[in-house]
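What follows is one structure encoded as structure tokens, with my remarks underneath.
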Amino acid sequence: MGVGYALLEHLPPFEDGPGNGQWNLGQYLVARGSDLPLHDLEIEVLPPATPNEHPKGMAEVVMIPVVPALLNAIFDATGRRFQSLPVTPTMLKGALA
Amino acid sequence: MTTLAIKINGRAHGPTDVSDDLTLNDFLREYLGMTGTKFGCGAAQCLSCAVIVDNADGTSFTSPTCVVSAASFNGKSIRTVEGHAKDGKLSALQTAFIEKFAFQCGYCTAGFLNEGQVLLERLAKKPVARGDLETTIVEALDGHICRCTGYVKYHEAVRDVILADAKRYLIAGL
């Protein structure tokens, strides 16, 4: 979800975008398994801060750091800071040209 | 109207008359009450609606059901998510999905389960080298969209089942 937000989702507002009610997965691009480094991903589950802590929902809040993490990785690799989302392959090729 | 006779999870249904524009998804969900097969994008893009189609030669493939007419499955044999467990015992892949916590909302799970099962059966007939396994899994599952998990736990679950029975699914020594 965070990968899509950072790299794939171009969502113009209102009638020019999904607001017209006609969009499906042809326009709204969602990251697929092949977009991700599935062999090398490690998921770390942190223990609760205290043993008797109640379970909490995480939901979309956890998507927030994914975008700066990816854009920092792009900066690390290319030396370019991007100021808008999504950072598409075309933009990356432009940065590397 | 068209006549539809179809075998689902080994059980014969019909022949029954169905409308030409009835999708297989609606036939399963609305006519038979088999709601394990989901309806996602309605455009064959997400494959949450995929079922297994068994060919007469013993090979199988998955097919979306949302944009495909029920009538086009006349004479075919298919499997749905309801058909994987035998005598109340979950399949190895179902167990791995649960143990790996592979899914969250579960909407895409039936599609991933069917695709993963087809992959297992394909590898049992035609094993791959360990070095090609990761790519093989990614390519097999790639048409399926999951919005919750980031795919890695599905990937790990399928890989776990294969590695747990490596003699069956992998080429020895490679």
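Chains: A, B, ... in order of the structure tokens. Residues: from 1 per chain. Ligands: from 1, in order shown.
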Would you mind listing what lies within 10 Å of Asp17 of chain B as a VMD selection string, with only C-alpha atoms counted and same-chain residues fewer than 6 positions away left out? chain B and resid 1 to 5 71
With C-alpha atoms retained, could you export that selection as a PDB file, in the first residue's frame?
ATOM      1  CA  MET B   1     -30.694 -19.575 -21.918  1.00  0.00           C
ATOM      2  CA  THR B   2     -27.992 -22.193 -22.058  1.00  0.00           C
ATOM      3  CA  THR B   3     -27.630 -25.557 -20.398  1.00  0.00           C
ATOM      4  CA  LEU B   4     -24.955 -25.777 -17.740  1.00  0.00           C
ATOM      5  CA  ALA B   5     -23.600 -29.018 -16.307  1.00  0.00           C
ATOM      6  CA  ALA B  71     -22.270 -21.272 -19.570  1.00  0.00           C
TER       7      ALA B  71
END
Residues of chain B within 7 Å of chain A, counting only C-alpha atoms - could you list those as a list of chain:residue names?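 So the contacting residues turn out to be B:Cys41, B:Gln45, B:Glu134, B:Val138, B:Asp142, B:Ile145, B:Arg147, B:Tyr151, B:Val152.
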With DSSP run on the backbone, what are the helix (DSSP H, G or I) residues within segment 4-159 of chain B? I'd like them as an NGL selection string. :B and (24-31 or 70-73 or 81-83 or 92-99 or 109-125 or 130-141 or 152-159)
Correct to one decimal, the distance atom CA of Thr35 of chain B-atom CA of Gly111 of chain B is 12.6 Å
Contacts of segment 87-97 of chain A at 8 Å (only C-alpha atoms; same-chain gap of 3+ positions) as number ranges by chain: A: 6-8, 78, 80, 82, 84
Selection above as a file: N, CA and C atoms, as a tab-separated table (two decimals), in the first residue's frame:
chain	number	residue	atom	x	y	z
A	6	ALA	N	3.84	5.66	-2.94
A	6	ALA	CA	5.10	6.32	-3.27
A	6	ALA	C	5.44	6.24	-4.76
A	7	LEU	N	5.10	5.11	-5.39
A	7	LEU	CA	5.67	4.84	-6.71
A	7	LEU	C	4.64	4.69	-7.84
A	8	LEU	N	3.39	4.44	-7.51
A	8	LEU	CA	2.45	4.05	-8.57
A	8	LEU	C	1.21	4.91	-8.71
A	78	THR	N	20.25	7.92	-6.20
A	78	THR	CA	20.34	8.82	-7.37
A	78	THR	C	20.88	10.20	-7.03
A	80	ARG	N	18.97	12.51	-6.10
A	80	ARG	CA	17.87	13.44	-6.42
A	80	ARG	C	16.79	13.38	-5.35
A	82	PHE	N	12.87	14.08	-4.75
A	82	PHE	CA	11.63	14.30	-5.48
A	82	PHE	C	10.61	14.95	-4.55
A	84	SER	N	7.23	15.41	-5.39
A	84	SER	CA	5.83	15.05	-5.60
A	84	SER	C	5.73	13.54	-5.79
Considering only C-alpha atoms, return as number ranges by chain whatever protein or nucleic-acid residues lie within 12 Å of Thr136 of chain B, sequence-local ones (same chain, fewer than 2 positions apart) excluded. A: 33-34, 39; B: 116, 119-120, 122-123, 127-134, 138-142, 155, 158-159, 162, 169-170
Quick one: pull the distance between atom CA of Glu115 of chain B and atom CA of Ala44 of chain B, Å, one decimal.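 Spanning atom CA of Glu115 of chain B to atom CA of Ala44 of chain B is a straight-line distance of 14.4 Å.
In this structure, atom CA of Cys108 of chain B sits 9.4 Å away from atom CA of Phe39 of chain B.
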When you look at Thr109 of chain B with a cut-off of 12 Å (counting only C-alpha atoms), what residues show up, excluding the ones that are within fewer than 5 positions of it in the same chain? I need them as a PyMOL selection string. chain B and resi 36-40+46-51+80-82+93-94+97-98+101-104+114-117+141+144-149+151+153-154
Selection above as a file: C-alpha atoms, as a PDB file, in the first residue's frame:
ATOM      1  CA  GLY B  36     -15.906 -18.533  -0.614  1.00  0.00           C
ATOM      2  CA  THR B  37     -15.208 -17.334  -4.152  1.00  0.00           C
ATOM      3  CA  LYS B  38     -15.070 -13.540  -3.910  1.00  0.00           C
ATOM      4  CA  PHE B  39     -16.040 -10.764  -6.283  1.00  0.00           C
ATOM      5  CA  GLY B  40     -13.328  -8.101  -6.485  1.00  0.00           C
ATOM      6  CA  CYS B  46      -7.282  -8.697  -9.183  1.00  0.00           C
ATOM      7  CA  LEU B  47      -8.041 -12.448  -9.381  1.00  0.00           C
ATOM      8  CA  SER B  48      -9.689 -12.593  -5.963  1.00  0.00           C
ATOM      9  CA  CYS B  49     -12.458 -14.442  -7.855  1.00  0.00           C
ATOM     10  CA  ALA B  50     -10.157 -17.082  -9.364  1.00  0.00           C
ATOM     11  CA  VAL B  51     -11.078 -20.771  -9.277  1.00  0.00           C
ATOM     12  CA  THR B  80     -13.129 -23.615  -5.342  1.00  0.00           C
ATOM     13  CA  VAL B  81     -11.784 -22.649  -1.943  1.00  0.00           C
ATOM     14  CA  GLU B  82     -14.478 -24.825  -0.369  1.00  0.00           C
ATOM     15  CA  LEU B  93      -1.224 -24.841   1.945  1.00  0.00           C
ATOM     16  CA  GLN B  94      -4.247 -23.740   3.974  1.00  0.00           C
ATOM     17  CA  PHE B  97      -1.453 -19.669   5.225  1.00  0.00           C
ATOM     18  CA  ILE B  98      -2.765 -19.727   8.784  1.00  0.00           C
ATOM     19  CA  PHE B 101      -0.577 -15.358   9.109  1.00  0.00           C
ATOM     20  CA  ALA B 102      -0.466 -14.926   5.337  1.00  0.00           C
ATOM     21  CA  PHE B 103      -3.686 -12.950   5.019  1.00  0.00           C
ATOM     22  CA  GLN B 104      -5.322 -10.109   6.864  1.00  0.00           C
ATOM     23  CA  ASN B 114      -6.183 -21.697  -5.652  1.00  0.00           C
ATOM     24  CA  GLU B 115      -3.158 -20.281  -7.480  1.00  0.00           C
ATOM     25  CA  GLY B 116      -0.754 -21.702  -4.897  1.00  0.00           C
ATOM     26  CA  GLN B 117      -2.405 -25.117  -5.085  1.00  0.00           C
ATOM     27  CA  LEU B 141       1.209 -15.574  -7.756  1.00  0.00           C
ATOM     28  CA  HIS B 144      -3.148 -11.719  -7.679  1.00  0.00           C
ATOM     29  CA  ILE B 145      -3.504  -8.401  -5.902  1.00  0.00           C
ATOM     30  CA  CYS B 146      -3.361  -8.070  -2.130  1.00  0.00           C
ATOM     31  CA  ARG B 147      -3.734  -4.693  -0.482  1.00  0.00           C
ATOM     32  CA  CYS B 148      -3.061  -5.700   3.121  1.00  0.00           C
ATOM     33  CA  THR B 149      -0.021  -7.885   3.433  1.00  0.00           C
ATOM     34  CA  TYR B 151       2.631 -10.433  -0.339  1.00  0.00           C
ATOM     35  CA  LYS B 153       3.748 -13.920   3.952  1.00  0.00           C
ATOM     36  CA  TYR B 154       1.859 -15.553   1.103  1.00  0.00           C
TER      37      TYR B 154
END
Please extract the residues of segment 25-85 of chain B with a backbone DSSP assignment of strand (DSSP E or B) and present them as a PDB file with N, CA and C atoms, in the first residue's frame.
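Wrote it out as states-v1.pdb, contents follow:
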ATOM      1  N   VAL B  51     -10.845 -19.377  -9.658  1.00  0.00           N
ATOM      2  CA  VAL B  51     -11.078 -20.771  -9.277  1.00  0.00           C
ATOM      3  C   VAL B  51     -10.120 -21.651 -10.081  1.00  0.00           C
ATOM      4  N   ILE B  52     -10.008 -22.906  -9.663  1.00  0.00           N
ATOM      5  CA  ILE B  52      -9.165 -23.862 -10.389  1.00  0.00           C
ATOM      6  C   ILE B  52     -10.020 -24.582 -11.434  1.00  0.00           C
ATOM      7  N   VAL B  53      -9.499 -24.660 -12.649  1.00  0.00           N
ATOM      8  CA  VAL B  53     -10.155 -25.445 -13.697  1.00  0.00           C
ATOM      9  C   VAL B  53      -9.278 -26.660 -13.973  1.00  0.00           C
ATOM     10  N   ASP B  54      -9.878 -27.846 -13.879  1.00  0.00           N
ATOM     11  CA  ASP B  54      -9.128 -29.089 -14.088  1.00  0.00           C
ATOM     12  C   ASP B  54      -9.347 -29.597 -15.506  1.00  0.00           C
ATOM     13  N   SER B  60      -4.038 -28.377 -14.565  1.00  0.00           N
ATOM     14  CA  SER B  60      -5.019 -27.433 -14.041  1.00  0.00           C
ATOM     15  C   SER B  60      -4.532 -26.010 -14.265  1.00  0.00           C
ATOM     16  N   PHE B  61      -5.458 -25.081 -14.266  1.00  0.00           N
ATOM     17  CA  PHE B  61      -5.093 -23.676 -14.332  1.00  0.00           C
ATOM     18  C   PHE B  61      -6.156 -22.889 -13.569  1.00  0.00           C
ATOM     19  N   THR B  62      -5.848 -21.632 -13.268  1.00  0.00           N
ATOM     20  CA  THR B  62      -6.855 -20.818 -12.604  1.00  0.00           C
ATOM     21  C   THR B  62      -7.524 -19.912 -13.620  1.00  0.00           C
ATOM     22  N   SER B  63      -8.764 -19.593 -13.332  1.00  0.00           N
ATOM     23  CA  SER B  63      -9.513 -18.691 -14.204  1.00  0.00           C
ATOM     24  C   SER B  63     -10.269 -17.701 -13.345  1.00  0.00           C
ATOM     25  N   SER B  69     -18.597 -16.166 -18.438  1.00  0.00           N
ATOM     26  CA  SER B  69     -19.963 -16.675 -18.299  1.00  0.00           C
ATOM     27  C   SER B  69     -19.964 -18.070 -17.697  1.00  0.00           C
ATOM     28  N   SER B  77     -14.756 -29.145 -15.123  1.00  0.00           N
ATOM     29  CA  SER B  77     -14.609 -29.519 -13.722  1.00  0.00           C
ATOM     30  C   SER B  77     -13.773 -28.449 -13.039  1.00  0.00           C
ATOM     31  N   ILE B  78     -14.314 -27.858 -11.987  1.00  0.00           N
ATOM     32  CA  ILE B  78     -13.590 -26.790 -11.306  1.00  0.00           C
ATOM     33  C   ILE B  78     -13.452 -27.104  -9.808  1.00  0.00           C
ATOM     34  N   ARG B  79     -12.514 -26.392  -9.176  1.00  0.00           N
ATOM     35  CA  ARG B  79     -12.375 -26.465  -7.719  1.00  0.00           C
ATOM     36  C   ARG B  79     -12.414 -25.057  -7.147  1.00  0.00           C
TER      37      ARG B  79
END
For Thr59 of chain B, which residue out of B:Gly33, B:Ala124, B:Ile8, B:Asp160 is the nearest one, using only C-alpha atoms?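 Smallest separation from Thr59 of chain B among the options: B:Ala124.
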